[in-house]
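Just upload.txt here, compact mmCIF, C-alpha atoms:
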# COMPACT_ATOMS: atom_id res chain seq x y z
CA MET O 701 0.00 0.00 0.00
CA SER O 702 1.37 3.37 -0.95
CA GLU O 703 0.97 6.31 1.40
CA GLU O 704 -0.31 8.68 -1.24
CA LYS O 705 -4.05 9.05 -1.53
CA GLN O 706 -5.57 6.60 -4.00
CA GLN O 707 -7.78 8.53 -6.35
CA VAL O 708 -10.81 6.75 -7.73
CA SER O 709 -11.35 8.08 -11.19
CA ARG O 710 -14.83 8.87 -12.44
CA ARG O 711 -14.55 5.99 -14.91
CA GLN O 712 -13.49 3.53 -12.22
CA PHE O 713 -16.30 4.64 -9.95
CA LEU O 714 -18.85 4.13 -12.73
CA ASN O 715 -17.37 0.75 -13.58
CA TYR O 716 -17.62 -0.41 -9.98
CA THR O 717 -21.17 0.83 -9.46
CA LEU O 718 -22.44 -0.51 -12.76
CA THR O 719 -20.79 -3.90 -12.22
CA GLY O 720 -22.19 -3.98 -8.70
CA VAL O 721 -25.73 -3.09 -9.72
CA GLY O 722 -25.56 -5.46 -12.71
CA GLY O 723 -24.23 -8.27 -10.55
CA PHE O 724 -26.93 -7.66 -7.96
CA MET O 725 -29.65 -7.83 -10.61
CA ALA O 726 -28.17 -10.96 -12.21
CA ALA O 727 -27.93 -12.62 -8.80
CA GLY O 728 -31.51 -11.69 -7.95
CA LEU O 729 -32.62 -13.12 -11.26
CA LEU O 730 -30.69 -16.36 -11.02
CA ILE O 731 -30.93 -17.30 -7.37
CA SER O 732 -34.36 -18.92 -7.54
CA PRO O 733 -33.82 -20.81 -10.81
CA ILE O 734 -30.51 -22.17 -9.53
CA ARG O 735 -31.99 -23.16 -6.17
CA MET O 736 -34.75 -24.96 -8.07
CA ALA O 737 -32.27 -26.70 -10.37
CA ILE O 738 -30.11 -28.03 -7.53
CA ASP O 739 -33.12 -29.11 -5.44
CA PRO O 740 -32.63 -32.86 -6.11
CA VAL O 741 -29.15 -32.67 -4.59
CA LEU O 742 -30.45 -31.02 -1.43
CA LYS O 743 -33.48 -33.27 -0.91
CA PRO O 744 -33.00 -35.77 1.94
CA SER O 745 -32.71 -39.31 0.64
CA SER O 746 -35.59 -41.65 1.45
CA ALA O 747 -33.24 -44.23 2.99
CA GLY O 748 -34.14 -46.10 6.14
CA GLU O 749 -37.44 -47.54 5.00
CA TYR O 750 -37.85 -51.25 5.43
CA ALA O 751 -40.12 -53.48 3.36
CA ASN O 752 -41.63 -56.83 4.28
CA VAL O 753 -40.16 -59.27 1.79
CA GLY O 754 -42.66 -62.03 2.57
CA LEU O 755 -40.21 -64.47 4.12
CA ALA O 756 -40.62 -65.90 7.62
CA VAL O 757 -37.41 -65.93 9.63
CA GLU O 758 -37.91 -69.60 10.51
CA ASP O 759 -37.78 -70.44 6.80
CA ILE O 760 -34.31 -68.93 6.41
CA THR O 761 -31.73 -71.69 6.11
CA THR O 762 -28.00 -71.79 5.69
CA GLU O 763 -28.63 -72.31 1.98
CA PRO O 764 -29.02 -68.94 0.16
CA GLN O 765 -32.52 -68.51 -1.24
CA ARG O 766 -33.70 -65.81 -3.57
CA VAL O 767 -36.45 -63.47 -2.40
CA ASP O 768 -38.25 -60.98 -4.62
CA TRP O 769 -40.39 -58.13 -3.38
CA LYS O 770 -41.77 -54.84 -4.60
CA ILE O 771 -41.39 -51.37 -3.17
CA ASP O 772 -43.41 -48.22 -3.88
CA GLN O 773 -41.08 -45.83 -5.62
CA VAL O 774 -41.89 -42.14 -5.80
CA ASP O 775 -39.98 -40.51 -8.63
CA GLY O 776 -41.03 -36.86 -8.66
CA TRP O 777 -44.59 -36.88 -10.00
CA TYR O 778 -44.36 -40.54 -11.05
CA GLU O 779 -45.18 -43.35 -8.65
CA SER O 780 -44.52 -46.98 -9.47
CA LYS O 781 -43.77 -50.38 -8.03
CA VAL O 782 -40.18 -51.47 -8.43
CA SER O 783 -38.95 -55.04 -8.10
CA LYS O 784 -36.07 -55.81 -5.76
CA SER O 785 -34.41 -59.09 -4.97
CA ALA O 786 -31.90 -60.51 -2.52
CA TRP O 787 -30.15 -63.76 -1.63
CA VAL O 788 -30.99 -64.55 2.00
CA PHE O 789 -29.37 -67.12 4.31
CA LYS O 790 -28.03 -67.64 7.82
CA ASP O 791 -24.27 -67.49 8.16
CA ASP O 792 -22.11 -69.63 10.48
CA ASN O 793 -22.91 -67.39 13.47
CA ASP O 794 -26.64 -67.85 12.83
CA GLU O 795 -26.79 -64.22 11.64
CA ILE O 796 -29.16 -63.36 8.80
CA MET O 797 -27.42 -62.11 5.68
CA ALA O 798 -29.25 -60.60 2.71
CA LEU O 799 -26.99 -60.02 -0.28
CA SER O 800 -27.81 -57.86 -3.27
CA PRO O 801 -27.73 -59.93 -6.48
CA THR O 802 -26.16 -57.07 -8.44
CA CYS O 803 -22.66 -57.98 -9.57
CA THR O 804 -20.13 -55.39 -8.43
CA HIS O 805 -18.28 -55.73 -11.73
CA LEU O 806 -20.74 -54.31 -14.25
CA GLY O 807 -24.14 -54.82 -12.66
CA CYS O 808 -25.39 -58.13 -14.05
CA VAL O 809 -27.43 -60.41 -11.78
CA VAL O 810 -25.62 -63.15 -9.89
CA SER O 811 -27.17 -66.41 -8.70
CA TRP O 812 -26.25 -68.98 -6.09
CA GLU O 813 -24.51 -71.95 -7.68
CA GLY O 814 -25.30 -70.44 -11.08
CA ASN O 815 -22.58 -72.56 -12.61
CA ASP O 816 -22.18 -76.28 -12.02
CA ASP O 817 -18.38 -75.97 -12.06
CA HIS O 818 -18.42 -73.68 -9.04
CA PRO O 819 -20.54 -75.13 -6.22
CA ASN O 820 -21.11 -73.09 -3.06
CA GLN O 821 -20.42 -69.83 -4.85
CA PHE O 822 -22.36 -66.95 -6.36
CA TYR O 823 -21.84 -66.85 -10.09
CA CYS O 824 -22.27 -64.02 -12.58
CA PRO O 825 -22.90 -65.27 -16.13
CA CYS O 826 -21.70 -62.10 -17.87
CA HIS O 827 -17.95 -62.31 -17.22
CA ASP O 828 -17.61 -65.34 -14.95
CA GLY O 829 -17.45 -63.23 -11.81
CA ARG O 830 -17.59 -65.35 -8.64
CA TYR O 831 -18.20 -64.71 -4.95
CA TYR O 832 -17.93 -66.86 -1.82
CA LYS O 833 -21.07 -67.53 0.15
CA ASP O 834 -20.57 -64.48 2.38
CA GLY O 835 -20.48 -62.33 -0.77
CA THR O 836 -16.74 -61.77 -0.82
CA ASN O 837 -15.44 -61.53 -4.36
CA ILE O 838 -13.03 -64.25 -5.42
CA GLU O 839 -9.58 -63.01 -6.30
CA GLY O 840 -8.84 -63.36 -10.00
CA THR O 841 -12.44 -62.92 -11.17
CA PRO O 842 -13.71 -59.56 -12.51
CA PRO O 843 -15.59 -58.16 -9.44
CA THR O 844 -13.54 -55.71 -7.37
CA ARG O 845 -15.57 -55.68 -4.15
CA PRO O 846 -18.04 -57.91 -2.27
CA LEU O 847 -21.75 -58.05 -3.04
CA ASP O 848 -23.74 -55.27 -1.34
CA LEU O 849 -25.42 -56.18 1.93
CA TYR O 850 -29.02 -55.22 2.73
CA ASP O 851 -29.95 -53.69 6.08
CA HIS O 852 -32.37 -56.07 7.70
CA LYS O 853 -34.65 -56.32 10.71
CA VAL O 854 -37.10 -58.88 12.03
CA GLU O 855 -40.64 -58.02 13.02
CA ASN O 856 -43.32 -60.53 14.03
CA GLY O 857 -41.16 -63.31 12.69
CA MET O 858 -40.99 -61.77 9.23
CA LEU O 859 -37.92 -60.49 7.46
CA TYR O 860 -37.78 -56.81 6.52
CA LEU O 861 -35.09 -55.47 4.19
CA GLY O 862 -33.93 -51.87 3.80
CA LYS O 863 -31.18 -50.29 1.81
CA ALA O 864 -28.30 -52.20 0.19
CA ASN O 865 -24.96 -50.98 1.48
CA VAL O 866 -21.57 -51.11 -0.15
CA ARG O 867 -19.02 -53.11 1.82
CA GLY O 868 -15.33 -52.45 1.66
CA GLU O 869 -12.95 -55.12 0.44
CA ALA O 870 -13.01 -57.94 2.95
CA MET Q 953 -5.62 -12.23 -13.43
CA LEU Q 954 -8.73 -11.45 -15.47
CA GLN Q 955 -6.82 -8.71 -17.24
CA LYS Q 956 -4.11 -11.24 -18.13
CA ILE Q 957 -6.61 -13.74 -19.53
CA TYR Q 958 -8.23 -10.95 -21.51
CA ASP Q 959 -4.86 -9.75 -22.84
CA TRP Q 960 -3.87 -13.29 -23.79
CA ILE Q 961 -7.03 -13.74 -25.86
CA ASP Q 962 -6.96 -10.21 -27.24
CA GLU Q 963 -3.36 -10.56 -28.41
CA ARG Q 964 -4.36 -13.56 -30.51
CA ILE Q 965 -7.78 -12.73 -31.89
CA ASP Q 966 -8.14 -8.97 -31.34
CA ILE Q 967 -11.53 -8.94 -29.61
CA THR Q 968 -11.39 -5.34 -28.41
CA PRO Q 969 -12.93 -3.86 -31.58
CA ILE Q 970 -15.81 -6.33 -31.34
CA TRP Q 971 -17.07 -5.25 -27.96
CA ARG Q 972 -16.13 -1.63 -28.62
CA ASP Q 973 -18.50 -1.76 -31.57
CA ILE Q 974 -21.25 -3.01 -29.28
CA ALA Q 975 -20.56 -0.94 -26.18
CA ASP Q 976 -19.34 2.39 -27.53
CA HIS Q 977 -22.14 4.41 -29.01
CA GLU Q 978 -23.55 7.86 -28.62
CA VAL Q 979 -26.41 8.29 -26.17
CA PRO Q 980 -27.94 11.64 -27.10
CA GLU Q 981 -28.99 14.01 -24.33
CA HIS Q 982 -32.68 13.85 -25.23
CA VAL Q 983 -32.88 10.10 -24.43
CA ASN Q 984 -31.05 10.37 -21.11
CA PRO Q 985 -33.42 10.48 -18.11
CA ALA Q 986 -30.65 12.13 -16.08
CA HIS Q 987 -31.06 15.24 -18.28
CA HIS Q 988 -34.77 15.17 -18.90
CA PHE Q 989 -36.76 12.91 -16.64
CA SER Q 990 -39.47 12.48 -19.25
CA ALA Q 991 -36.89 10.58 -21.29
CA PHE Q 992 -37.75 7.51 -19.21
CA VAL Q 993 -40.13 6.61 -22.03
CA TYR Q 994 -37.04 5.59 -24.00
CA CYS Q 995 -36.47 2.80 -21.48
CA PHE Q 996 -39.47 0.72 -22.48
CA GLY Q 997 -37.65 -1.05 -25.31
CA GLY Q 998 -34.77 -1.98 -23.01
CA LEU Q 999 -37.19 -3.05 -20.29
CA THR Q 1000 -38.97 -5.29 -22.79
CA PHE Q 1001 -35.63 -6.88 -23.58
CA PHE Q 1002 -34.87 -7.28 -19.87
CA VAL Q 1003 -38.15 -9.08 -19.26
CA VAL Q 1004 -37.52 -11.26 -22.31
CA VAL Q 1005 -34.20 -12.29 -20.74
CA ILE Q 1006 -36.09 -13.22 -17.55
CA GLN Q 1007 -38.53 -15.25 -19.64
CA ILE Q 1008 -35.75 -17.11 -21.44
CA LEU Q 1009 -33.88 -17.91 -18.24
CA SER Q 1010 -36.90 -18.96 -16.18
CA GLY Q 1011 -38.26 -20.95 -19.14
CA MET Q 1012 -34.99 -22.84 -19.54
CA PHE Q 1013 -35.08 -23.84 -15.90
CA LEU Q 1014 -38.76 -24.78 -15.99
CA THR Q 1015 -38.13 -27.39 -18.68
CA MET Q 1016 -36.00 -29.25 -16.13
CA TYR Q 1017 -39.25 -30.36 -14.51
CA TYR Q 1018 -41.97 -29.93 -17.13
CA VAL Q 1019 -43.18 -32.81 -19.32
CA PRO Q 1020 -45.21 -32.04 -22.47
CA ASP Q 1021 -47.52 -35.02 -22.15
CA ILE Q 1022 -51.23 -35.05 -21.28
CA GLU Q 1023 -50.75 -37.66 -18.55
CA ASN Q 1024 -47.90 -35.89 -16.82
CA ALA Q 1025 -47.97 -32.21 -17.76
CA TRP Q 1026 -50.28 -31.13 -14.97
CA LYS Q 1027 -48.67 -33.50 -12.47
CA SER Q 1028 -45.19 -32.24 -13.27
CA VAL Q 1029 -46.31 -28.62 -12.89
CA TYR Q 1030 -48.06 -29.49 -9.61
CA TYR Q 1031 -44.91 -31.23 -8.37
CA LEU Q 1032 -42.82 -28.23 -9.38
CA GLN Q 1033 -45.21 -25.87 -7.59
CA THR Q 1034 -45.57 -27.84 -4.38
CA GLU Q 1035 -42.49 -30.01 -3.86
CA VAL Q 1036 -39.54 -28.25 -5.46
CA ALA Q 1037 -37.84 -25.46 -3.53
CA HIS Q 1038 -38.30 -22.11 -5.30
CA GLY Q 1039 -40.27 -23.85 -8.05
CA GLN Q 1040 -43.22 -21.62 -7.31
CA ILE Q 1041 -41.04 -18.54 -7.67
CA VAL Q 1042 -39.54 -19.60 -10.97
CA ARG Q 1043 -42.92 -20.46 -12.43
CA GLY Q 1044 -44.21 -17.19 -11.02
CA MET Q 1045 -41.44 -15.31 -12.83
CA HIS Q 1046 -42.43 -16.96 -16.09
CA HIS Q 1047 -46.16 -16.54 -15.49
CA TRP Q 1048 -46.12 -12.86 -14.50
CA GLY Q 1049 -43.27 -12.04 -16.85
CA ALA Q 1050 -45.40 -13.20 -19.75
CA SER Q 1051 -47.94 -10.50 -18.94
CA VAL Q 1052 -45.35 -7.85 -18.13
CA VAL Q 1053 -43.56 -8.41 -21.43
CA VAL Q 1054 -46.75 -7.70 -23.38
CA VAL Q 1055 -47.39 -4.55 -21.33
CA MET Q 1056 -43.83 -3.33 -21.91
CA LEU Q 1057 -44.08 -4.14 -25.59
CA LEU Q 1058 -47.26 -2.08 -25.79
CA LEU Q 1059 -45.71 0.89 -23.97
CA HIS Q 1060 -42.65 0.72 -26.23
CA THR Q 1061 -44.91 0.66 -29.29
CA LEU Q 1062 -46.93 3.63 -28.03
CA ARG Q 1063 -43.75 5.65 -27.45
CA VAL Q 1064 -42.49 4.91 -30.93
CA PHE Q 1065 -45.89 5.70 -32.40
CA PHE Q 1066 -46.58 8.99 -30.63
CA GLN Q 1067 -43.05 10.29 -31.18
CA GLY Q 1068 -43.28 9.38 -34.85
CA SER Q 1069 -40.03 7.41 -34.54
CA TYR Q 1070 -41.31 4.88 -37.07
CA LYS Q 1071 -41.11 7.42 -39.91
CA LYS Q 1072 -38.55 7.32 -42.68
CA PRO Q 1073 -35.88 5.95 -42.55
CA ARG Q 1074 -37.06 3.65 -39.74
CA GLU Q 1075 -40.11 2.02 -41.35
CA LEU Q 1076 -38.35 -1.34 -41.66
CA ASN Q 1077 -37.62 -1.48 -37.97
CA TRP Q 1078 -41.27 -0.71 -37.21
CA MET Q 1079 -42.24 -3.71 -39.36
CA VAL Q 1080 -39.75 -5.94 -37.58
CA GLY Q 1081 -41.18 -4.67 -34.32
CA VAL Q 1082 -44.71 -5.60 -35.37
CA LEU Q 1083 -43.48 -9.10 -36.24
CA LEU Q 1084 -41.82 -9.30 -32.82
CA PHE Q 1085 -45.15 -8.35 -31.25
CA PHE Q 1086 -46.92 -11.18 -33.08
CA VAL Q 1087 -44.21 -13.67 -32.12
CA MET Q 1088 -44.59 -12.60 -28.50
CA LEU Q 1089 -48.36 -13.02 -28.62
CA GLY Q 1090 -47.80 -16.47 -30.16
CA LEU Q 1091 -45.49 -17.35 -27.28
CA GLY Q 1092 -48.16 -16.24 -24.84
CA PHE Q 1093 -50.83 -18.27 -26.62
CA THR Q 1094 -48.82 -21.49 -26.89
CA GLY Q 1095 -47.42 -21.19 -23.35
CA TYR Q 1096 -50.93 -20.84 -21.94
CA LEU Q 1097 -51.81 -24.44 -22.86
CA LEU Q 1098 -48.77 -26.08 -21.34
CA PRO Q 1099 -49.95 -26.48 -17.69
CA TRP Q 1100 -52.81 -28.56 -19.12
CA ASP Q 1101 -55.39 -27.45 -16.59
CA ASN Q 1102 -58.99 -26.50 -17.32
CA LYS Q 1103 -58.22 -22.86 -18.04
CA ALA Q 1104 -55.45 -23.84 -20.43
CA TYR Q 1105 -57.59 -26.38 -22.22
CA PHE Q 1106 -60.60 -24.18 -22.80
CA ALA Q 1107 -58.55 -21.10 -23.67
CA THR Q 1108 -56.85 -23.15 -26.36
CA GLN Q 1109 -60.20 -24.46 -27.55
CA VAL Q 1110 -61.28 -20.85 -28.06
CA GLY Q 1111 -57.98 -19.88 -29.65
CA LEU Q 1112 -58.22 -22.71 -32.13
CA GLU Q 1113 -61.77 -21.70 -33.03
CA ILE Q 1114 -60.50 -18.20 -33.70
CA ALA Q 1115 -57.89 -19.67 -36.04
CA GLU Q 1116 -60.69 -21.60 -37.73
CA GLN Q 1117 -62.39 -18.32 -38.69
CA VAL Q 1118 -59.60 -17.49 -41.13
CA PRO Q 1119 -61.15 -17.44 -44.62
CA PHE Q 1120 -60.56 -20.43 -46.93
CA ILE Q 1121 -57.74 -22.11 -44.99
CA GLY Q 1122 -59.31 -21.91 -41.51
CA ASP Q 1123 -59.97 -25.63 -41.13
CA GLN Q 1124 -56.50 -26.63 -42.27
CA LEU Q 1125 -54.91 -23.97 -40.09
CA LYS Q 1126 -56.73 -25.25 -37.03
CA THR Q 1127 -55.72 -28.84 -37.77
CA LEU Q 1128 -52.14 -27.75 -38.30
CA LEU Q 1129 -52.09 -26.03 -34.92
CA ALA Q 1130 -53.97 -28.71 -32.99
CA GLY Q 1131 -52.35 -31.74 -34.66
CA ASP Q 1132 -55.77 -33.29 -35.13
CA SER Q 1133 -58.92 -32.13 -36.90
CA GLU Q 1134 -61.17 -32.75 -33.93
CA ILE Q 1135 -59.29 -33.52 -30.74
CA VAL Q 1136 -57.51 -31.01 -28.58
CA GLY Q 1137 -55.23 -33.48 -26.85
CA ALA Q 1138 -51.90 -35.25 -26.82
CA GLN Q 1139 -50.78 -34.03 -30.21
CA THR Q 1140 -51.92 -30.48 -29.53
CA LEU Q 1141 -49.84 -30.34 -26.37
CA THR Q 1142 -46.62 -31.61 -27.97
CA ARG Q 1143 -47.12 -29.27 -30.91
CA PHE Q 1144 -47.69 -26.23 -28.70
CA PHE Q 1145 -44.65 -27.21 -26.62
CA ALA Q 1146 -42.44 -27.46 -29.71
CA ILE Q 1147 -43.73 -24.13 -31.01
CA HIS Q 1148 -43.34 -22.51 -27.60
CA VAL Q 1149 -39.78 -23.61 -26.82
CA PHE Q 1150 -38.15 -24.03 -30.24
CA PHE Q 1151 -39.87 -22.43 -33.20
CA LEU Q 1152 -41.06 -19.11 -31.78
CA PRO Q 1153 -37.95 -18.46 -29.66
CA GLY Q 1154 -35.87 -19.08 -32.79
CA ALA Q 1155 -37.92 -16.51 -34.67
CA LEU Q 1156 -37.77 -14.19 -31.66
CA PHE Q 1157 -33.95 -14.26 -31.50
CA ALA Q 1158 -33.58 -13.67 -35.24
CA LEU Q 1159 -36.01 -10.74 -35.21
CA MET Q 1160 -34.45 -9.24 -32.06
CA ALA Q 1161 -31.04 -9.37 -33.75
CA VAL Q 1162 -32.40 -7.53 -36.79
CA HIS Q 1163 -34.22 -5.05 -34.54
CA PHE Q 1164 -31.05 -4.18 -32.61
CA ILE Q 1165 -28.75 -4.10 -35.62
CA LEU Q 1166 -31.12 -1.66 -37.31
CA ILE Q 1167 -31.18 0.57 -34.23
CA ARG Q 1168 -27.39 0.65 -34.23
CA ARG Q 1169 -27.17 1.39 -37.93
CA GLN Q 1170 -29.80 4.10 -37.90
CA GLY Q 1171 -29.25 5.55 -34.45
CA ILE Q 1172 -31.97 6.77 -32.10
CA SER Q 1173 -34.46 9.16 -33.67
CA GLY Q 1174 -33.94 12.87 -32.96
CA PRO Q 1175 -35.67 14.95 -30.26
CA LEU Q 1176 -39.24 16.04 -30.74
Using structure tokens, write down the structure from this file.
Amino acid sequence: MSEEKQQVSRRQFLNYTLTGVGGFMAAGLLISPIRMAIDPVLKPSSAGEYANVGLAVEDITTEPQRVDWKIDQVDGWYESKVSKSAWVFKDDNDEIMALSPTCTHLGCVVSWEGNDDHPNQFYCPCHDGRYYKDGTNIEGTPPTRPLDLYDHKVENGMLYLGKANVRGEA
Amino acid sequence: MLQKIYDWIDERIDITPIWRDIADHEVPEHVNPAHHFSAFVYCFGGLTFFVVVIQILSGMFLTMYYVPDIENAWKSVYYLQTEVAHGQIVRGMHHWGASVVVVMLLLHTLRVFFQGSYKKPRELNWMVGVLLFFVMLGLGFTGYLLPWDNKAYFATQVGLEIAEQVPFIGDQLKTLLAGDSEIVGAQTLTRFFAIHVFFLPGALFALMAVHFILIRRQGISGPL
């Protein structure tokens, strides 16, 4: 900063005021449209809702079985039923596990013992991706992480499933 | 920083003369409200343009939510109005702006008319202005149908019957607008949407360009 008095020239003053007023008007004009455009990002996600998948807990065995259920999906002004599925079984600690059937490689659908050459494994037919029973991807096959795991809870002896969560590499 | 970017570009492609051509022009004393307050009447054209800019911007954002389909048009507008933050404001801007733009256009036209600014050599620009007025009314008419509520539907019904009164080609004209000779429905809505967001804005931009270029070439008309 120099000690001498900084003179604001008439032209500078006009430039500043006009830019300021113009910027204020542009901001006033754009603030609502932009807030509206980014609304989907700021909306809270509808996670945490559980759906009854129509499977009694006593029917869950150590053998993975496929369950299919439908959820009500609200997509803006469009409401529809969307199919979901999971592979459900009890692990060695008698804990219920519900695995998402979506292959973590490129999103095909895996099935339990889907290939006769690989018993006791989940198999993806698209690129021969394989997973152990607990959903862990088998080294050397295309998937890079384990199958997603559904949140689950038990109510009145029935199984309820929530959101499928990504698990880190086991 | 900005100065450096500007200099870098300017050194290569010499843009200074381009914006100088646009920005540097004489503003005569008789159109400057700071000298004569009554000169505010010269602002109506600029205000019309300003509102048109609001219409373009708000309209662009509205199409993020709007669907031109008879099943979903009303639902999407309702969703926008009730569920989306600031959706009501943006639609309000477009809704009220549509009326304000016609008012401004009218005031601008009255100023030009009563000051005789349309006289030689500016007759051509008057004609372009009249075309702009019609395009704007067309935008208002086609936009009115898009929410697909009762008011929109019956207003369009009436509008189409007015088009039908045109001698000789009335029937064909109505069918062309409605997309069907009898039904005001799915095809009418998509047609009006296309006209509202593509065809008429295209015409509007072209005519506005001509309008402004002519003003620059001919200058503002002299004092009364």
Quick one: which chain O residues come within 7 Å of chain Q, and what is the nearest atom pair for each with the distance in Å to one decimal, counting all atoms listed in the file, rows ordered by chain and ascending number, as a tab-separated table?
residue	atom	partner	partner_atom	distance
O:Ser732	CA	Q:His1038	CA	5.5
O:Pro733	CA	Q:Val1042	CA	5.8
O:Arg735	CA	Q:His1038	CA	6.5
O:Met736	CA	Q:His1038	CA	5.3
O:Ala737	CA	Q:Phe1013	CA	6.8
O:Asp739	CA	Q:Ala1037	CA	6.3
O:Gly776	CA	Q:Tyr1031	CA	6.8
O:Trp777	CA	Q:Ser1028	CA	5.7
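Computed from the coordinates, the atom CA of O:Ala798 to atom CA of O:His852 distance equals 7.4 Å.
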- Item | Distance query O:Asn837 at most 12 Å, all atoms listed in the file, self and fewer than 2 positions along chain excluded, as a ChimeraX atom specification | /O:803-805,810,821-824,828-835,839-848,867-870
- Note on the structure: Using all atoms listed in the file, the residue out of Q:Gln1033, Q:Ile1165, Q:Val993, Q:Asn984 with shortest distance to Q:Gln1067 is Q:Val993
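For the pair atom CA of Q:Leu1176 and atom CA of Q:Tyr994, the interatomic distance is 12.6 Å.
If all atoms listed in the file are the atoms counted, then among Q:Asp1021, Q:Arg1168, Q:Pro1175, Q:Tyr1105 the closest residue to Q:His977 is Q:Arg1168.
You will find atom CA of Q:Leu1059 at 14.7 Å from atom CA of Q:Val1004.
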- Message: So that I can check the surroundings of Q:Gly1095, please list as a list in words every protein, DNA and RNA residue that reaches within 8 Å of it, counting all atoms listed in the file and ignoring chain neighbours fewer than 2 positions away.
- Response: Leu1091, Gly1092, Phe1093, Leu1097, Leu1098, Phe1144, Phe1145 and His1148 of chain Q
- Tell me which protein, DNA and RNA residues are within 10 Å of O:Glu758, counting all atoms listed in the file, leaving out same-chain ones fewer than 5 positions away, and put them as a list in words. Gly857, Met858 and Leu859 of chain O
- Item | Distance query O:Ser780 at most 10 Å, all atoms listed in the file, self and fewer than 5 positions along chain excluded, as a ChimeraX atom specification | /O:770-775
- Item | Residue neighbourhood Q:Gly1081, 7 Å, only C-alpha atoms, exclusion window fewer than 4 positions, as a ChimeraX atom specification | /Q:1077,1085,1163
Atoms to include: C-alpha atoms. Write the selected residues as a compact mmCIF listing (two decimals), in the coordinates of the input.
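Below is the file that was written, out_1.txt:
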# COMPACT_ATOMS: atom_id res chain seq x y z
CA ASN Q 1077 -37.62 -1.48 -37.97
CA PHE Q 1085 -45.15 -8.35 -31.25
CA HIS Q 1163 -34.22 -5.05 -34.54
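Closest to Q:Val1087 among Q:Ala1158, Q:Ile1135, Q:Tyr1070, Q:Glu963 is Q:Ala1158, based on all atoms listed in the file.
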- Note on the structure: Counting only C-alpha atoms, closest pick from O:Asn820, O:Asn815, O:Thr717, O:Ser785 relative to O:Ala864 is O:Ser785
- Query: Closest to O:Val854 among O:Val782, O:Val708, O:Ala756, O:Met725, using only C-alpha atoms?
  - Reply: O:Ala756
- Restricting the calculation to all atoms listed in the file, which member of Q:Thr968, Q:Ser1133, Q:Ser1069, Q:Gln1007 is positioned closest to Q:Ile1167? Q:Ser1069
